[in-house]
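Enquirer: Please find one structure pasted underneath; my questions will follow.
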Amino acid sequence: MATKTNFCVVDLVFLLVLVSVSASERTKTVEFNVKPGGVVHTFSEGIKEYECSFTYASQGGTNEQWLMSVGLSDDDRLFSCSVWRPQGKSYLFFTQFKAELKGTKIEYANAYSQAATGGQSDMPLKPEEFTVGDSTVTHNDGKFNAQLSKLTAIGRTRHDEL
């Protein structure tokens with residue numbers, strides 16, 4: 001009887017480890033510095049063959065710590081990317097930005113001048129401030145008001161069932 005109980009516990013532990021390994025391979029959150037100075041910078045992160053790249057130029061202030069999270073759905077059909085400043089509001093002035101999802105076609109995207117923190121809500125940019133394309137989200141020259149604190153995009157992968 002003890003052998004059967006031990007076997008079940010070992011199976012359960014193995015299953016939990018397998019699930020946590022699978023989940024960790026499907027999501028990543030990494031920290032990076034957003035640097036002012038007007039120079040164009042790119043930060044990228046990916047899972048499997050899918051990648052999110054965030055390209056920007058900003059002015060004013062000093063470096064800010066930002067986060068990028070990427071995720072792949074259990075069925076490999078959706079790839080998501082979020083880029084944001086955890087403190088909620090960036091004090092940098094962005095002269096440009098572009099997020100690109102490689103290997104997907106964007107189905108949903110939004111950009112925000114303020115990210116939700118401490119009881120504050122996300123504050124979306126006006127629709128005329130940015131454009132969502134098949135694989136990119138980018139600022140609109142002359143209409144973007146230089147405030148960016150969060151960007152999210154979800155793309156449908158080209159994953160085919162056999």
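Ligands are numbered from 1 in the order shown, residues from 1 within each chain, and chains are lettered A, B, ... in the order they appear in the structure tokens.
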Could you pull out the residues in chain A that DSSP calls helix (DSSP H, G or I) from the backbone, as a ChimeraX atom specification?
Expert: /A:2-26,127-129
Enquirer: Could you pull the residues within 12 Å of stretch 34-41 of chain A, counting only C-alpha atoms, minus those fewer than 2 positions along the same chain, as an mmCIF file with N, CA, C and O atoms, in the first residue's frame?
Expert:
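What ended up in result.cif:
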data_model
loop_
_atom_site.group_PDB
_atom_site.id
_atom_site.type_symbol
_atom_site.label_atom_id
_atom_site.label_comp_id
_atom_site.auth_asym_id
_atom_site.auth_seq_id
_atom_site.Cartn_x
_atom_site.Cartn_y
_atom_site.Cartn_z
ATOM 1 N N GLU A 31 13.189 42.784 -17.679
ATOM 2 C CA GLU A 31 13.358 44.207 -17.408
ATOM 3 C C GLU A 31 14.386 44.777 -18.380
ATOM 4 O O GLU A 31 15.349 44.102 -18.738
ATOM 5 N N PHE A 32 14.176 46.022 -18.804
ATOM 6 C CA PHE A 32 15.146 46.699 -19.654
ATOM 7 C C PHE A 32 15.100 48.194 -19.387
ATOM 8 O O PHE A 32 14.146 48.705 -18.814
ATOM 9 N N PHE A 43 14.651 46.907 -28.224
ATOM 10 C CA PHE A 43 14.721 45.813 -27.263
ATOM 11 C C PHE A 43 13.800 44.717 -27.764
ATOM 12 O O PHE A 43 12.669 44.994 -28.176
ATOM 13 N N SER A 44 14.259 43.458 -27.731
ATOM 14 C CA SER A 44 13.473 42.333 -28.261
ATOM 15 C C SER A 44 13.474 41.163 -27.294
ATOM 16 O O SER A 44 14.448 40.939 -26.573
ATOM 17 N N SER A 53 9.584 43.083 -30.805
ATOM 18 C CA SER A 53 10.640 44.101 -30.789
ATOM 19 C C SER A 53 10.006 45.446 -30.503
ATOM 20 O O SER A 53 9.000 45.803 -31.119
ATOM 21 N N PHE A 54 10.602 46.187 -29.581
ATOM 22 C CA PHE A 54 10.143 47.530 -29.239
ATOM 23 C C PHE A 54 11.262 48.497 -29.616
ATOM 24 O O PHE A 54 12.359 48.441 -29.065
ATOM 25 N N THR A 55 10.981 49.359 -30.585
ATOM 26 C CA THR A 55 11.943 50.346 -31.067
ATOM 27 C C THR A 55 11.421 51.727 -30.704
ATOM 28 O O THR A 55 10.238 52.010 -30.898
ATOM 29 N N TYR A 56 12.304 52.582 -30.192
ATOM 30 C CA TYR A 56 11.855 53.891 -29.711
ATOM 31 C C TYR A 56 13.010 54.883 -29.727
ATOM 32 O O TYR A 56 14.189 54.508 -29.789
ATOM 33 N N ALA A 57 12.661 56.147 -29.621
ATOM 34 C CA ALA A 57 13.596 57.229 -29.313
ATOM 35 C C ALA A 57 12.875 58.134 -28.330
ATOM 36 O O ALA A 57 11.674 58.389 -28.469
ATOM 37 N N SER A 58 13.604 58.607 -27.311
ATOM 38 C CA SER A 58 12.984 59.459 -26.290
ATOM 39 C C SER A 58 13.967 60.539 -25.851
ATOM 40 O O SER A 58 15.169 60.438 -26.063
ATOM 41 N N GLN A 59 13.402 61.559 -25.203
ATOM 42 C CA GLN A 59 14.180 62.708 -24.722
ATOM 43 C C GLN A 59 13.815 62.990 -23.270
ATOM 44 O O GLN A 59 12.719 62.661 -22.829
ATOM 45 N N GLY A 60 14.739 63.671 -22.574
ATOM 46 C CA GLY A 60 14.463 64.163 -21.222
ATOM 47 C C GLY A 60 14.715 63.129 -20.159
ATOM 48 O O GLY A 60 14.665 61.936 -20.395
ATOM 49 N N GLY A 61 15.015 63.622 -18.960
ATOM 50 C CA GLY A 61 15.159 62.731 -17.811
ATOM 51 C C GLY A 61 16.355 61.809 -17.891
ATOM 52 O O GLY A 61 17.335 62.074 -18.581
ATOM 53 N N THR A 62 16.238 60.707 -17.158
ATOM 54 C CA THR A 62 17.295 59.696 -17.110
ATOM 55 C C THR A 62 16.686 58.358 -17.508
ATOM 56 O O THR A 62 15.490 58.261 -17.771
ATOM 57 N N ASN A 63 17.511 57.324 -17.498
ATOM 58 C CA ASN A 63 17.013 55.986 -17.827
ATOM 59 C C ASN A 63 15.817 55.626 -16.943
ATOM 60 O O ASN A 63 15.775 55.991 -15.775
ATOM 61 N N GLU A 64 14.870 54.895 -17.519
ATOM 62 C CA GLU A 64 13.736 54.369 -16.762
ATOM 63 C C GLU A 64 13.721 52.855 -16.912
ATOM 64 O O GLU A 64 14.011 52.338 -17.980
ATOM 65 N N GLN A 65 13.370 52.176 -15.820
ATOM 66 C CA GLN A 65 13.209 50.732 -15.862
ATOM 67 C C GLN A 65 11.824 50.411 -16.433
ATOM 68 O O GLN A 65 10.818 50.922 -15.938
ATOM 69 N N TRP A 66 11.779 49.601 -17.474
ATOM 70 C CA TRP A 66 10.550 49.150 -18.101
ATOM 71 C C TRP A 66 10.536 47.631 -18.098
ATOM 72 O O TRP A 66 11.554 46.993 -17.847
ATOM 73 N N LEU A 67 9.366 47.048 -18.364
ATOM 74 C CA LEU A 67 9.216 45.599 -18.463
ATOM 75 C C LEU A 67 8.650 45.230 -19.825
ATOM 76 O O LEU A 67 7.848 45.977 -20.389
ATOM 77 N N MET A 68 9.060 44.071 -20.323
ATOM 78 C CA MET A 68 8.443 43.487 -21.512
ATOM 79 C C MET A 68 8.013 42.080 -21.146
ATOM 80 O O MET A 68 8.802 41.303 -20.614
ATOM 81 N N VAL A 83 4.612 45.991 -23.231
ATOM 82 C CA VAL A 83 5.770 46.787 -22.850
ATOM 83 C C VAL A 83 5.219 47.903 -21.974
ATOM 84 O O VAL A 83 4.292 48.594 -22.382
ATOM 85 N N TRP A 84 5.776 48.081 -20.758
ATOM 86 C CA TRP A 84 5.222 49.112 -19.896
ATOM 87 C C TRP A 84 6.210 49.546 -18.833
ATOM 88 O O TRP A 84 7.171 48.859 -18.515
ATOM 89 N N ARG A 85 5.914 50.719 -18.289
ATOM 90 C CA ARG A 85 6.662 51.241 -17.150
ATOM 91 C C ARG A 85 5.882 50.880 -15.893
ATOM 92 O O ARG A 85 4.743 51.317 -15.705
ATOM 93 N N SER A 90 5.488 57.381 -17.604
ATOM 94 C CA SER A 90 6.850 57.706 -18.004
ATOM 95 C C SER A 90 7.011 59.221 -18.017
ATOM 96 O O SER A 90 6.101 59.952 -18.416
ATOM 97 N N TYR A 91 8.173 59.661 -17.595
ATOM 98 C CA TYR A 91 8.470 61.088 -17.628
ATOM 99 C C TYR A 91 9.330 61.453 -18.838
ATOM 100 O O TYR A 91 9.704 62.606 -19.000
ATOM 101 N N LEU A 92 9.592 60.467 -19.673
ATOM 102 C CA LEU A 92 10.321 60.714 -20.912
ATOM 103 C C LEU A 92 9.348 61.166 -21.995
ATOM 104 O O LEU A 92 8.168 60.836 -21.962
ATOM 105 N N PHE A 93 9.870 61.925 -22.961
ATOM 106 C CA PHE A 93 9.090 62.329 -24.123
ATOM 107 C C PHE A 93 9.536 61.461 -25.291
ATOM 108 O O PHE A 93 10.700 61.513 -25.692
ATOM 109 N N PHE A 94 8.619 60.651 -25.793
ATOM 110 C CA PHE A 94 8.942 59.755 -26.893
ATOM 111 C C PHE A 94 8.774 60.495 -28.222
ATOM 112 O O PHE A 94 7.712 61.048 -28.499
ATOM 113 N N THR A 95 9.832 60.495 -29.009
ATOM 114 C CA THR A 95 9.733 61.107 -30.342
ATOM 115 C C THR A 95 9.233 60.092 -31.353
ATOM 116 O O THR A 95 8.710 60.471 -32.397
ATOM 117 N N GLN A 96 9.378 58.815 -31.035
ATOM 118 C CA GLN A 96 8.862 57.752 -31.898
ATOM 119 C C GLN A 96 8.779 56.449 -31.116
ATOM 120 O O GLN A 96 9.461 56.276 -30.113
ATOM 121 N N PHE A 97 7.921 55.542 -31.609
ATOM 122 C CA PHE A 97 7.874 54.187 -31.077
ATOM 123 C C PHE A 97 7.311 53.257 -32.126
ATOM 124 O O PHE A 97 6.541 53.666 -32.995
ATOM 125 N N LYS A 98 7.731 52.008 -32.035
ATOM 126 C CA LYS A 98 7.175 50.957 -32.895
ATOM 127 C C LYS A 98 7.349 49.626 -32.176
ATOM 128 O O LYS A 98 8.419 49.328 -31.658
ATOM 129 N N ALA A 99 6.285 48.852 -32.121
ATOM 130 C CA ALA A 99 6.359 47.473 -31.644
ATOM 131 C C ALA A 99 6.094 46.584 -32.843
ATOM 132 O O ALA A 99 5.191 46.859 -33.644
ATOM 133 N N LEU A 148 4.083 57.993 -23.730
ATOM 134 C CA LEU A 148 3.876 56.555 -23.833
ATOM 135 C C LEU A 148 4.312 55.924 -22.527
ATOM 136 O O LEU A 148 5.396 56.216 -22.027
ATOM 137 N N SER A 149 3.461 55.066 -21.956
ATOM 138 C CA SER A 149 3.807 54.352 -20.731
ATOM 139 C C SER A 149 3.508 52.868 -20.823
ATOM 140 O O SER A 149 3.953 52.088 -19.985
#
Enquirer: Find the distance between atom CA of A:Arg156 and atom CA of A:Val30 and write it in Å to one decimal.
Expert: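 The value is 22.2 Å.
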Enquirer: Would you compute the distance between atom CA of A:Ala115 and atom CA of A:Pro86? Give it in Å to one decimal.
Expert: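 Distance between the two atoms: 7.5 Å.
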Enquirer: For A:Ala109, work out the shell of residues within 9 Å, counting only C-alpha atoms and skipping chain neighbours fewer than 3 positions away, then give it as a PyMOL selection string.
Expert: chain A and resi 106+132+137+151-155
Enquirer: Determine which residues of chain A receive a DSSP assignment of strand (DSSP E or B), computed from the backbone, and state them as number ranges by chain.
Expert: A: 27-34, 41-47, 50-59, 64-72, 78-84, 93-102, 104-114, 123-124, 130-132, 136-139, 150-157
